[in-house]
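For reference, the structure is listed below as structure tokens.
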Amino acid sequence: MAECNHDCSNCSSSGNCENEIKKAKLNDRSKIKKIIGVLSGKGGVGKSYITSLLAVYLNRQGYKVGILDADITGPSIPKAFGIKDKAYGEDNLIYPLVSNGGIKLISANCLLENESDPIVWRGPLLGGLIKQFYEDVLWEELDYLLIDMPPGTGDVALTIFQQLPVDDLIIVTSPQDLVSLIVTKAIKMANMMNIKVLGVVENMSYLVCPDCGKQIKLFGESHLEEFSKEMNFNILAKLPLVSENTALVDSGKVEQVVLNEILPVVEAIKKEK
């Protein structure tokens, strides 16, 4: 038997494989036009921040948006939106929480009695909960569902790509020396799963001096441009580190953030029909 490449759709053993994972099916009361995954090769680069901002900016343009927080062991989406309520179920469906601006979201923190309690689960259980978030949440009609992926390219990310119909992927990174290795792994995983990578967002690319307006490169010069030519991917945006925006997110007010540098990423998402 040939080695499994995890691409069940193009496998000659599809339908007759004990390891084949069944695709998740959306409930009859929900319809999602586009699913965008937001992935980082490592933690701490602002993946959840970018996911939240993309949802906010798409929502501001009149689109119906939802966020599935698939970072089960490190969920931060509810905190960014200032949501502390708990999700509840009815008629075998889970009702998502809704932000002040009308963004629907579901997260493991919406199920915990105490949001600081850890979720100490193995991969299959984590994957099962993510599948339930997709299948059993009453999303109703969405133009975009953004999936805040767990960091890295491990078991849970693989399960999401195998089970959920992710249309496109955005990779978030930071201008550090390890960027080439980390981005390479993420792109190769997306290629293995036949998922289109819209491009890479470099977060914390620079800090703007409040006195002279000069860009201060906190992590040194970025080498993303030369690496993008080597790996043939698009650089969608280089985002500044803005302390005021960080404070807004920490206080649950991400919907008040203004960061127009993210607009090219929004436009890239909208171009993919």
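As shown in the structure tokens, the chain order sets the letters A, B, ...; within each chain, residues go from 1, and ligands are also counted from 1 in the order they appear.
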
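Using only C-alpha atoms, the residues found no farther than 8 Å from segment 189-202 of chain A, other than those of its own chain fewer than 3 positions away, are Asn5, His6, Asp7, Thr153, Phe161, Gln162, Val166, Asp167, Asp168, Leu169, Ile170, Ile171, Val172, Thr173, Ser174, Pro175, Lys185, Ala186, Ser205, Phe233, Asn234, Ile235, Leu236, Ala237, Lys238, Leu239, Val265, Ala268 and Ile269 of chain A.
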
Would you write out those residues with N, CA, C and O atoms, as a short mmCIF file (atom, residue, chain, number, x, y, z; two decimals), in the first residue's frame?
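File written: result07.cif
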data_model
loop_
_atom_site.label_atom_id
_atom_site.label_comp_id
_atom_site.auth_asym_id
_atom_site.auth_seq_id
_atom_site.Cartn_x
_atom_site.Cartn_y
_atom_site.Cartn_z
N ASN A 5 -0.93 10.27 1.97
CA ASN A 5 -0.56 11.70 1.93
C ASN A 5 -1.66 12.57 2.50
O ASN A 5 -1.64 13.79 2.37
N HIS A 6 -2.68 11.94 3.13
CA HIS A 6 -3.77 12.62 3.83
C HIS A 6 -4.73 13.34 2.89
O HIS A 6 -5.58 14.09 3.34
N ASP A 7 -4.63 13.10 1.59
CA ASP A 7 -5.54 13.71 0.63
C ASP A 7 -6.56 12.66 0.20
O ASP A 7 -6.39 12.01 -0.83
N THR A 153 1.49 22.81 12.64
CA THR A 153 0.97 21.95 11.57
C THR A 153 0.72 20.54 12.09
O THR A 153 0.99 19.56 11.40
N PHE A 161 -8.32 20.41 8.20
CA PHE A 161 -8.20 20.42 6.75
C PHE A 161 -8.87 19.20 6.12
O PHE A 161 -9.39 19.28 5.01
N GLN A 162 -8.86 18.08 6.81
CA GLN A 162 -9.47 16.87 6.28
C GLN A 162 -10.99 16.89 6.40
O GLN A 162 -11.69 16.39 5.52
N VAL A 166 -12.44 23.89 4.01
CA VAL A 166 -11.72 25.17 4.00
C VAL A 166 -11.41 25.56 2.56
O VAL A 166 -10.83 24.78 1.81
N ASP A 167 -11.81 26.76 2.17
CA ASP A 167 -11.60 27.21 0.79
C ASP A 167 -10.21 27.79 0.59
O ASP A 167 -9.52 27.45 -0.38
N ASP A 168 -9.81 28.69 1.47
CA ASP A 168 -8.54 29.39 1.31
C ASP A 168 -7.86 29.52 2.66
O ASP A 168 -8.49 29.42 3.72
N LEU A 169 -6.56 29.81 2.59
CA LEU A 169 -5.76 29.89 3.81
C LEU A 169 -4.93 31.17 3.80
O LEU A 169 -4.37 31.56 2.77
N ILE A 170 -4.86 31.82 4.96
CA ILE A 170 -3.98 32.97 5.17
C ILE A 170 -2.98 32.57 6.25
O ILE A 170 -3.35 32.06 7.30
N ILE A 171 -1.71 32.82 5.99
CA ILE A 171 -0.65 32.46 6.93
C ILE A 171 -0.13 33.73 7.59
O ILE A 171 0.18 34.70 6.92
N VAL A 172 -0.06 33.70 8.92
CA VAL A 172 0.41 34.84 9.69
C VAL A 172 1.80 34.52 10.25
O VAL A 172 2.03 33.43 10.78
N THR A 173 2.69 35.50 10.13
CA THR A 173 4.04 35.30 10.64
C THR A 173 4.55 36.62 11.21
O THR A 173 3.85 37.63 11.24
N SER A 174 5.79 36.61 11.66
CA SER A 174 6.44 37.83 12.17
C SER A 174 7.84 37.91 11.56
O SER A 174 8.37 36.91 11.08
N PRO A 175 8.46 39.09 11.56
CA PRO A 175 9.76 39.26 10.88
C PRO A 175 10.94 38.76 11.72
O PRO A 175 11.78 39.54 12.14
N LYS A 185 6.82 25.24 6.20
CA LYS A 185 6.04 24.13 6.73
C LYS A 185 4.55 24.34 6.52
O LYS A 185 3.82 23.42 6.11
N ALA A 186 4.08 25.56 6.79
CA ALA A 186 2.66 25.85 6.64
C ALA A 186 2.21 25.76 5.19
O ALA A 186 1.15 25.19 4.88
N SER A 205 5.44 44.00 12.06
CA SER A 205 6.52 44.26 11.11
C SER A 205 7.37 45.45 11.52
O SER A 205 8.58 45.47 11.30
N PHE A 233 4.92 32.91 -3.11
CA PHE A 233 3.68 33.25 -2.42
C PHE A 233 3.53 34.76 -2.36
O PHE A 233 4.49 35.51 -2.54
N ASN A 234 2.30 35.20 -2.14
CA ASN A 234 1.99 36.63 -2.09
C ASN A 234 2.17 37.17 -0.67
O ASN A 234 1.77 36.52 0.30
N ILE A 235 2.75 38.34 -0.56
CA ILE A 235 2.77 39.06 0.71
C ILE A 235 1.55 39.99 0.71
O ILE A 235 1.49 40.95 -0.06
N LEU A 236 0.58 39.67 1.53
CA LEU A 236 -0.68 40.42 1.52
C LEU A 236 -0.57 41.74 2.27
O LEU A 236 -1.18 42.74 1.88
N ALA A 237 0.19 41.76 3.37
CA ALA A 237 0.32 42.98 4.15
C ALA A 237 1.44 42.83 5.16
O ALA A 237 1.78 41.72 5.59
N LYS A 238 2.01 43.99 5.51
CA LYS A 238 2.95 44.07 6.64
C LYS A 238 2.33 45.03 7.65
O LYS A 238 2.17 46.21 7.36
N LEU A 239 1.98 44.49 8.80
CA LEU A 239 1.20 45.27 9.75
C LEU A 239 2.07 45.83 10.87
O LEU A 239 2.94 45.15 11.41
N VAL A 265 -5.57 42.60 2.74
CA VAL A 265 -5.90 41.21 3.08
C VAL A 265 -7.40 40.97 2.90
O VAL A 265 -7.83 39.95 2.37
N ALA A 268 -8.13 40.68 -0.74
CA ALA A 268 -7.70 39.38 -1.27
C ALA A 268 -8.74 38.31 -0.97
O ALA A 268 -9.00 37.42 -1.80
N ILE A 269 -9.34 38.37 0.21
CA ILE A 269 -10.38 37.42 0.57
C ILE A 269 -11.61 37.60 -0.33
O ILE A 269 -12.18 36.65 -0.85
#

Excluding segment 216-226 of chain A and any residue of its chain fewer than 2 positions from it, enumerate the residues within 9 Å of it, using only C-alpha atoms, and give them as number ranges by chain. A: 174-177, 179-180, 202, 204-209, 214, 228-231, 235

If you run DSSP on this backbone, which residues of segment 157-242 of chain A come out as strand (DSSP E or B), and could you give them as a list of chain:residue names? A:Asp168, A:Leu169, A:Ile170, A:Ile171, A:Val172, A:Thr173, A:Lys196, A:Val197, A:Leu198, A:Gly199, A:Val200, A:Val201, A:Glu202, A:Asn203, A:Met204, A:Ser205, A:Tyr206, A:Leu207, A:Val208, A:Gln215, A:Ile216, A:Ile235, A:Leu236, A:Ala237, A:Lys238, A:Leu239, A:Pro240

Got time to write the residues from that selection, C-alpha atoms, as a compact mmCIF listing (two decimals), in the first residue's frame?
# COMPACT_ATOMS: atom_id res chain seq x y z
CA ASP A 168 -8.54 29.39 1.31
CA LEU A 169 -5.76 29.89 3.81
CA ILE A 170 -3.98 32.97 5.17
CA ILE A 171 -0.65 32.46 6.93
CA VAL A 172 0.41 34.84 9.69
CA THR A 173 4.04 35.30 10.64
CA LYS A 196 -5.09 27.51 -1.74
CA VAL A 197 -2.84 29.90 0.18
CA LEU A 198 -4.00 33.45 -0.48
CA GLY A 199 -0.78 34.79 0.95
CA VAL A 200 1.21 35.71 4.02
CA VAL A 201 0.59 38.50 6.52
CA GLU A 202 3.62 39.76 8.43
CA ASN A 203 2.44 41.01 11.81
CA MET A 204 4.47 43.27 14.13
CA SER A 205 6.52 44.26 11.11
CA TYR A 206 7.44 47.65 12.52
CA LEU A 207 6.62 50.31 15.09
CA VAL A 208 5.97 53.90 14.03
CA GLN A 215 9.44 52.96 11.06
CA ILE A 216 11.33 51.10 13.78
CA ILE A 235 2.77 39.06 0.71
CA LEU A 236 -0.68 40.42 1.52
CA ALA A 237 0.32 42.98 4.15
CA LYS A 238 2.95 44.07 6.64
CA LEU A 239 1.20 45.27 9.75
CA PRO A 240 2.59 47.70 12.33

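Considering the residues A:Gly101, A:Pro96, A:Pro264, A:Gly252 and counting only C-alpha atoms, Ala80 of chain A has its shortest atom-to-atom contact with A:Gly252.
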
Hey, what's within 12 Å of Cys110 of chain A if we count only C-alpha atoms and toss same-chain stuff fewer than 2 positions away? As an mmCIF file with all heavy atoms, in the first residue's frame, please?
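The resulting file, out_0.cif, is reproduced below:
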data_model
loop_
_atom_site.group_PDB
_atom_site.id
_atom_site.type_symbol
_atom_site.label_atom_id
_atom_site.label_comp_id
_atom_site.auth_asym_id
_atom_site.auth_seq_id
_atom_site.Cartn_x
_atom_site.Cartn_y
_atom_site.Cartn_z
ATOM 1 N N LEU A 68 -14.961 30.720 13.936
ATOM 2 C CA LEU A 68 -14.852 29.447 14.635
ATOM 3 C C LEU A 68 -13.465 29.408 15.268
ATOM 4 O O LEU A 68 -12.466 29.342 14.561
ATOM 5 C CB LEU A 68 -15.065 28.276 13.672
ATOM 6 C CG LEU A 68 -15.242 26.883 14.272
ATOM 7 C CD1 LEU A 68 -15.883 25.932 13.239
ATOM 8 C CD2 LEU A 68 -13.936 26.273 14.769
ATOM 9 N N ASP A 69 -13.427 29.479 16.585
ATOM 10 C CA ASP A 69 -12.154 29.487 17.307
ATOM 11 C C ASP A 69 -11.689 28.043 17.480
ATOM 12 O O ASP A 69 -12.116 27.338 18.390
ATOM 13 C CB ASP A 69 -12.334 30.168 18.667
ATOM 14 C CG ASP A 69 -11.015 30.390 19.390
ATOM 15 O OD1 ASP A 69 -9.983 29.913 18.886
ATOM 16 O OD2 ASP A 69 -11.017 31.035 20.458
ATOM 17 N N ILE A 72 -8.391 25.406 20.436
ATOM 18 C CA ILE A 72 -9.154 24.944 21.594
ATOM 19 C C ILE A 72 -8.384 25.107 22.903
ATOM 20 O O ILE A 72 -8.956 25.500 23.929
ATOM 21 C CB ILE A 72 -9.564 23.465 21.422
ATOM 22 C CG1 ILE A 72 -10.391 23.288 20.131
ATOM 23 C CG2 ILE A 72 -10.364 22.983 22.626
ATOM 24 C CD1 ILE A 72 -11.676 24.053 20.103
ATOM 25 N N PRO A 75 -7.786 29.437 23.530
ATOM 26 C CA PRO A 75 -8.800 30.297 22.902
ATOM 27 C C PRO A 75 -8.722 31.732 23.405
ATOM 28 O O PRO A 75 -8.648 31.984 24.600
ATOM 29 C CB PRO A 75 -10.125 29.641 23.344
ATOM 30 C CG PRO A 75 -9.792 28.970 24.648
ATOM 31 C CD PRO A 75 -8.367 28.518 24.523
ATOM 32 N N SER A 76 -8.734 32.680 22.472
ATOM 33 C CA SER A 76 -8.644 34.088 22.867
ATOM 34 C C SER A 76 -9.638 34.971 22.132
ATOM 35 O O SER A 76 -9.714 36.170 22.406
ATOM 36 C CB SER A 76 -7.220 34.606 22.626
ATOM 37 O OG SER A 76 -6.832 34.424 21.275
ATOM 38 N N ILE A 77 -10.395 34.409 21.209
ATOM 39 C CA ILE A 77 -11.348 35.197 20.419
ATOM 40 C C ILE A 77 -12.416 35.860 21.298
ATOM 41 O O ILE A 77 -12.680 37.066 21.153
ATOM 42 C CB ILE A 77 -11.993 34.333 19.325
ATOM 43 C CG1 ILE A 77 -10.947 33.899 18.290
ATOM 44 C CG2 ILE A 77 -13.124 35.095 18.642
ATOM 45 C CD1 ILE A 77 -10.335 35.023 17.488
ATOM 46 N N PRO A 78 -13.066 35.148 22.212
ATOM 47 C CA PRO A 78 -14.093 35.811 23.041
ATOM 48 C C PRO A 78 -13.548 37.000 23.824
ATOM 49 O O PRO A 78 -14.218 38.030 23.935
ATOM 50 C CB PRO A 78 -14.565 34.694 23.979
ATOM 51 C CG PRO A 78 -14.276 33.431 23.251
ATOM 52 C CD PRO A 78 -12.996 33.701 22.511
ATOM 53 N N LYS A 79 -12.334 36.884 24.352
ATOM 54 C CA LYS A 79 -11.741 37.980 25.122
ATOM 55 C C LYS A 79 -11.540 39.212 24.247
ATOM 56 O O LYS A 79 -11.783 40.347 24.671
ATOM 57 C CB LYS A 79 -10.407 37.544 25.728
ATOM 58 C CG LYS A 79 -9.692 38.653 26.511
ATOM 59 C CD LYS A 79 -8.426 38.147 27.157
ATOM 60 C CE LYS A 79 -7.642 39.275 27.820
ATOM 61 N NZ LYS A 79 -8.418 39.995 28.848
ATOM 62 N N GLY A 82 -14.708 40.936 23.997
ATOM 63 C CA GLY A 82 -15.341 41.280 25.265
ATOM 64 C C GLY A 82 -16.542 40.429 25.608
ATOM 65 O O GLY A 82 -17.455 40.870 26.320
ATOM 66 N N ILE A 83 -16.555 39.194 25.113
ATOM 67 C CA ILE A 83 -17.692 38.305 25.337
ATOM 68 C C ILE A 83 -17.390 37.341 26.486
ATOM 69 O O ILE A 83 -16.399 36.607 26.441
ATOM 70 C CB ILE A 83 -18.032 37.523 24.059
ATOM 71 C CG1 ILE A 83 -18.580 38.491 23.006
ATOM 72 C CG2 ILE A 83 -19.025 36.401 24.337
ATOM 73 C CD1 ILE A 83 -18.905 37.851 21.680
ATOM 74 N N LYS A 84 -18.246 37.358 27.490
ATOM 75 C CA LYS A 84 -18.091 36.472 28.636
ATOM 76 C C LYS A 84 -19.279 35.535 28.816
ATOM 77 O O LYS A 84 -19.273 34.672 29.696
ATOM 78 C CB LYS A 84 -17.884 37.298 29.906
ATOM 79 C CG LYS A 84 -16.598 38.120 29.891
ATOM 80 C CD LYS A 84 -16.391 38.870 31.197
ATOM 81 C CE LYS A 84 -15.088 39.655 31.178
ATOM 82 N NZ LYS A 84 -14.867 40.396 32.452
ATOM 83 N N ASP A 85 -20.313 35.712 28.000
ATOM 84 C CA ASP A 85 -21.491 34.852 28.090
ATOM 85 C C ASP A 85 -21.152 33.440 27.647
ATOM 86 O O ASP A 85 -20.157 33.203 26.954
ATOM 87 C CB ASP A 85 -22.627 35.406 27.222
ATOM 88 C CG ASP A 85 -23.134 36.738 27.725
ATOM 89 O OD1 ASP A 85 -22.996 36.998 28.933
ATOM 90 O OD2 ASP A 85 -23.639 37.528 26.907
ATOM 91 N N LYS A 86 -22.002 32.500 28.018
ATOM 92 C CA LYS A 86 -21.806 31.105 27.657
ATOM 93 C C LYS A 86 -22.781 30.701 26.552
ATOM 94 O O LYS A 86 -23.917 31.174 26.500
ATOM 95 C CB LYS A 86 -22.001 30.193 28.874
ATOM 96 C CG LYS A 86 -21.108 30.558 30.058
ATOM 97 C CD LYS A 86 -19.634 30.572 29.671
ATOM 98 C CE LYS A 86 -18.753 31.049 30.814
ATOM 99 N NZ LYS A 86 -17.333 31.202 30.417
ATOM 100 N N ALA A 87 -22.300 29.829 25.674
ATOM 101 C CA ALA A 87 -23.165 29.324 24.601
ATOM 102 C C ALA A 87 -24.186 28.363 25.193
ATOM 103 O O ALA A 87 -23.948 27.722 26.215
ATOM 104 C CB ALA A 87 -22.319 28.622 23.542
ATOM 105 N N TYR A 88 -25.330 28.276 24.550
ATOM 106 C CA TYR A 88 -26.350 27.330 25.010
ATOM 107 C C TYR A 88 -26.926 26.600 23.805
ATOM 108 O O TYR A 88 -26.798 27.036 22.656
ATOM 109 C CB TYR A 88 -27.450 28.043 25.795
ATOM 110 C CG TYR A 88 -28.335 28.956 24.963
ATOM 111 C CD1 TYR A 88 -29.546 28.509 24.440
ATOM 112 C CD2 TYR A 88 -27.953 30.272 24.705
ATOM 113 C CE1 TYR A 88 -30.346 29.332 23.674
ATOM 114 C CE2 TYR A 88 -28.750 31.110 23.944
ATOM 115 C CZ TYR A 88 -29.953 30.636 23.438
ATOM 116 O OH TYR A 88 -30.749 31.457 22.675
ATOM 117 N N GLY A 89 -27.545 25.459 24.070
ATOM 118 C CA GLY A 89 -28.076 24.636 22.998
ATOM 119 C C GLY A 89 -29.582 24.473 23.069
ATOM 120 O O GLY A 89 -30.193 24.620 24.134
ATOM 121 N N ILE A 94 -26.281 24.365 18.710
ATOM 122 C CA ILE A 94 -25.604 25.281 19.622
ATOM 123 C C ILE A 94 -25.756 26.694 19.064
ATOM 124 O O ILE A 94 -25.480 26.936 17.885
ATOM 125 C CB ILE A 94 -24.111 24.934 19.746
ATOM 126 C CG1 ILE A 94 -23.930 23.497 20.236
ATOM 127 C CG2 ILE A 94 -23.413 25.910 20.694
ATOM 128 C CD1 ILE A 94 -22.487 23.011 20.145
ATOM 129 N N TYR A 95 -26.190 27.606 19.911
ATOM 130 C CA TYR A 95 -26.336 28.997 19.478
ATOM 131 C C TYR A 95 -25.019 29.739 19.685
ATOM 132 O O TYR A 95 -24.494 29.768 20.803
ATOM 133 C CB TYR A 95 -27.460 29.683 20.243
ATOM 134 C CG TYR A 95 -28.833 29.259 19.784
ATOM 135 C CD1 TYR A 95 -29.355 28.021 20.143
ATOM 136 C CD2 TYR A 95 -29.596 30.083 18.959
ATOM 137 C CE1 TYR A 95 -30.607 27.613 19.712
ATOM 138 C CE2 TYR A 95 -30.852 29.684 18.516
ATOM 139 C CZ TYR A 95 -31.352 28.446 18.898
ATOM 140 O OH TYR A 95 -32.580 28.038 18.461
ATOM 141 N N PRO A 96 -24.487 30.343 18.646
ATOM 142 C CA PRO A 96 -23.223 31.075 18.796
ATOM 143 C C PRO A 96 -23.423 32.356 19.594
ATOM 144 O O PRO A 96 -24.545 32.862 19.697
ATOM 145 C CB PRO A 96 -22.824 31.380 17.353
ATOM 146 C CG PRO A 96 -24.131 31.490 16.635
ATOM 147 C CD PRO A 96 -25.040 30.467 17.279
ATOM 148 N N LEU A 97 -22.337 32.868 20.142
ATOM 149 C CA LEU A 97 -22.381 34.193 20.762
ATOM 150 C C LEU A 97 -22.299 35.236 19.656
ATOM 151 O O LEU A 97 -21.765 34.965 18.584
ATOM 152 C CB LEU A 97 -21.221 34.363 21.734
ATOM 153 C CG LEU A 97 -21.336 33.705 23.124
ATOM 154 C CD1 LEU A 97 -22.588 34.177 23.840
ATOM 155 C CD2 LEU A 97 -21.317 32.192 23.043
ATOM 156 N N VAL A 98 -22.814 36.408 19.918
ATOM 157 C CA VAL A 98 -22.828 37.478 18.910
ATOM 158 C C VAL A 98 -22.200 38.731 19.504
ATOM 159 O O VAL A 98 -22.569 39.177 20.595
ATOM 160 C CB VAL A 98 -24.262 37.786 18.426
ATOM 161 C CG1 VAL A 98 -24.234 38.856 17.335
ATOM 162 C CG2 VAL A 98 -24.933 36.517 17.908
ATOM 163 N N LEU A 105 -19.725 34.028 16.833
ATOM 164 C CA LEU A 105 -18.509 33.288 17.152
ATOM 165 C C LEU A 105 -18.794 32.156 18.126
ATOM 166 O O LEU A 105 -19.757 32.180 18.890
ATOM 167 C CB LEU A 105 -17.440 34.226 17.711
ATOM 168 C CG LEU A 105 -17.735 34.984 19.007
ATOM 169 C CD1 LEU A 105 -17.255 34.201 20.213
ATOM 170 C CD2 LEU A 105 -17.055 36.347 18.979
ATOM 171 N N ILE A 106 -17.952 31.166 18.051
ATOM 172 C CA ILE A 106 -18.009 30.030 18.974
ATOM 173 C C ILE A 106 -16.584 29.676 19.366
ATOM 174 O O ILE A 106 -15.670 29.736 18.547
ATOM 175 C CB ILE A 106 -18.734 28.811 18.352
ATOM 176 C CG1 ILE A 106 -19.049 27.768 19.429
ATOM 177 C CG2 ILE A 106 -17.928 28.211 17.222
ATOM 178 C CD1 ILE A 106 -20.087 28.184 20.418
ATOM 179 N N SER A 107 -16.408 29.350 20.634
ATOM 180 C CA SER A 107 -15.085 29.072 21.163
ATOM 181 C C SER A 107 -15.221 28.141 22.354
ATOM 182 O O SER A 107 -16.268 28.085 22.999
ATOM 183 C CB SER A 107 -14.408 30.389 21.585
ATOM 184 O OG SER A 107 -13.216 30.144 22.307
ATOM 185 N N ALA A 108 -14.160 27.424 22.655
ATOM 186 C CA ALA A 108 -14.172 26.546 23.818
ATOM 187 C C ALA A 108 -14.426 27.337 25.094
ATOM 188 O O ALA A 108 -15.049 26.831 26.037
ATOM 189 C CB ALA A 108 -12.849 25.784 23.916
ATOM 190 N N LEU A 112 -16.839 26.746 28.865
ATOM 191 C CA LEU A 112 -16.237 26.512 30.177
ATOM 192 C C LEU A 112 -16.933 27.338 31.255
ATOM 193 O O LEU A 112 -17.292 28.492 31.030
ATOM 194 C CB LEU A 112 -14.758 26.869 30.151
ATOM 195 C CG LEU A 112 -13.862 26.053 29.205
ATOM 196 C CD1 LEU A 112 -12.455 26.639 29.207
ATOM 197 C CD2 LEU A 112 -13.841 24.591 29.614
ATOM 198 N N GLU A 113 -17.095 26.729 32.425
ATOM 199 C CA GLU A 113 -17.668 27.464 33.554
ATOM 200 C C GLU A 113 -16.730 28.586 33.987
ATOM 201 O O GLU A 113 -17.160 29.687 34.306
ATOM 202 C CB GLU A 113 -17.914 26.499 34.721
ATOM 203 C CG GLU A 113 -18.574 27.166 35.916
ATOM 204 C CD GLU A 113 -18.916 26.171 37.011
ATOM 205 O OE1 GLU A 113 -18.924 24.951 36.730
ATOM 206 O OE2 GLU A 113 -19.192 26.610 38.149
ATOM 207 N N ASN A 114 -15.433 28.303 33.958
ATOM 208 C CA ASN A 114 -14.410 29.303 34.284
ATOM 209 C C ASN A 114 -13.480 29.417 33.087
ATOM 210 O O ASN A 114 -12.830 28.445 32.715
ATOM 211 C CB ASN A 114 -13.639 28.874 35.540
ATOM 212 C CG ASN A 114 -12.667 29.935 36.016
ATOM 213 O OD1 ASN A 114 -12.298 30.852 35.263
ATOM 214 N ND2 ASN A 114 -12.238 29.835 37.259
ATOM 215 N N GLU A 115 -13.398 30.599 32.484
ATOM 216 C CA GLU A 115 -12.636 30.749 31.242
ATOM 217 C C GLU A 115 -11.144 30.496 31.425
ATOM 218 O O GLU A 115 -10.428 30.274 30.444
ATOM 219 C CB GLU A 115 -12.849 32.145 30.655
ATOM 220 C CG GLU A 115 -12.320 33.273 31.507
ATOM 221 C CD GLU A 115 -12.503 34.636 30.843
ATOM 222 O OE1 GLU A 115 -13.282 34.718 29.877
ATOM 223 O OE2 GLU A 115 -11.856 35.605 31.290
ATOM 224 N N SER A 116 -10.656 30.512 32.665
ATOM 225 C CA SER A 116 -9.230 30.262 32.905
ATOM 226 C C SER A 116 -8.924 28.779 33.100
ATOM 227 O O SER A 116 -7.761 28.395 33.234
ATOM 228 C CB SER A 116 -8.754 31.044 34.140
ATOM 229 O OG SER A 116 -9.419 30.594 35.309
ATOM 230 N N ASP A 117 -9.964 27.930 33.094
ATOM 231 C CA ASP A 117 -9.742 26.490 33.229
ATOM 232 C C ASP A 117 -9.072 25.945 31.971
ATOM 233 O O ASP A 117 -9.486 26.286 30.854
ATOM 234 C CB ASP A 117 -11.061 25.749 33.456
ATOM 235 C CG ASP A 117 -11.646 26.017 34.838
ATOM 236 O OD1 ASP A 117 -10.886 26.476 35.714
ATOM 237 O OD2 ASP A 117 -12.851 25.769 35.026
ATOM 238 N N PHE A 133 -18.367 22.181 16.401
ATOM 239 C CA PHE A 133 -18.533 23.629 16.232
ATOM 240 C C PHE A 133 -18.988 23.958 14.813
ATOM 241 O O PHE A 133 -19.752 24.905 14.606
ATOM 242 C CB PHE A 133 -17.217 24.349 16.522
ATOM 243 C CG PHE A 133 -16.922 24.551 17.989
ATOM 244 C CD1 PHE A 133 -15.668 24.960 18.403
ATOM 245 C CD2 PHE A 133 -17.904 24.354 18.949
ATOM 246 C CE1 PHE A 133 -15.396 25.172 19.750
ATOM 247 C CE2 PHE A 133 -17.640 24.549 20.303
ATOM 248 C CZ PHE A 133 -16.379 24.959 20.698
#

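Minimum atom-to-atom distance to Asn100 of chain A, evaluated using only C-alpha atoms, belongs to A:Val56 out of A:Lys270, A:Val56, A:Val249, A:Glu135.
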
Per-residue DSSP, segment 48-223 of chain A, filtered to helix (DSSP H, G or I), as a count of residues only: 57

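Closest approach to Val258 of chain A among A:Leu53, A:Cys212, A:Leu58, A:Ile182 is made by A:Leu53 (distances from only C-alpha atoms).
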
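Interatomic distance, atom CA of Lys42 of chain A to atom CA of Val183 of chain A: 9.3 Å.
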
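Across A:Leu146, A:Ile262, A:Leu248, A:Ala24, the tightest approach to Ile67 of chain A is made by A:Leu146 when counting only C-alpha atoms.
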
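Every protein or nucleic acid residue with an atom no more than 8 Å from Tyr63 of chain A, counting only C-alpha atoms and leaving out same-chain residues fewer than 3 positions away, appears here: Leu58, Asn59, Arg60, Leu142, Asp143 and Tyr144 of chain A.
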
Quick one: residues within 9 Å of Met149 of chain A, only C-alpha atoms, excluding same-chain residues fewer than 4 positions away - as a tab-separated table (two decimals) with N, CA and C atoms, in the first residue's frame?
chain	number	residue	atom	x	y	z
A	37	GLY	N	-9.31	29.82	6.48
A	37	GLY	CA	-8.50	29.44	7.62
A	37	GLY	C	-7.38	30.44	7.83
A	38	VAL	N	-7.10	30.76	9.09
A	38	VAL	CA	-5.99	31.66	9.43
A	38	VAL	C	-5.01	30.84	10.27
A	39	LEU	N	-3.81	30.64	9.74
A	39	LEU	CA	-2.85	29.70	10.33
A	39	LEU	C	-1.53	30.40	10.60
A	40	SER	N	-0.87	29.98	11.68
A	40	SER	CA	0.50	30.42	11.93
A	40	SER	C	1.34	29.18	12.20
A	47	LYS	N	-1.96	35.57	15.43
A	47	LYS	CA	-2.93	34.91	14.54
A	47	LYS	C	-4.37	35.24	14.91
A	48	SER	N	-4.69	35.16	16.20
A	48	SER	CA	-6.06	35.44	16.65
A	48	SER	C	-6.41	36.92	16.46
A	68	LEU	N	-14.96	30.72	13.94
A	68	LEU	CA	-14.85	29.45	14.64
A	68	LEU	C	-13.47	29.41	15.27
A	69	ASP	N	-13.43	29.48	16.58
A	69	ASP	CA	-12.15	29.49	17.31
A	69	ASP	C	-11.69	28.04	17.48
A	70	ALA	N	-10.82	27.61	16.57
A	70	ALA	CA	-10.34	26.23	16.60
A	70	ALA	C	-9.08	26.06	17.43
A	71	ASP	N	-8.62	27.14	18.03
A	71	ASP	CA	-7.46	27.05	18.93
A	71	ASP	C	-8.01	26.66	20.31
A	72	ILE	N	-8.39	25.41	20.44
A	72	ILE	CA	-9.15	24.94	21.59
A	72	ILE	C	-8.38	25.11	22.90
A	156	VAL	N	-4.33	18.48	15.06
A	156	VAL	CA	-5.61	19.19	15.02
A	156	VAL	C	-5.76	19.96	13.71
A	157	ALA	N	-4.69	20.63	13.28
A	157	ALA	CA	-4.75	21.34	12.00
A	157	ALA	C	-5.04	20.38	10.85
A	160	ILE	N	-8.69	19.44	10.84
A	160	ILE	CA	-9.53	20.52	10.30
A	160	ILE	C	-9.51	20.51	8.78

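Residue nearest Ile35 of chain A within the list A:Gly152, A:Gly66, A:Gly127, A:Gly213: A:Gly66 [criterion: smallest interatomic distance, only C-alpha atoms].
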
Hey, can you check how far atom CA of Leu126 of chain A sits from atom CA of Glu255 of chain A? 28.3 Å
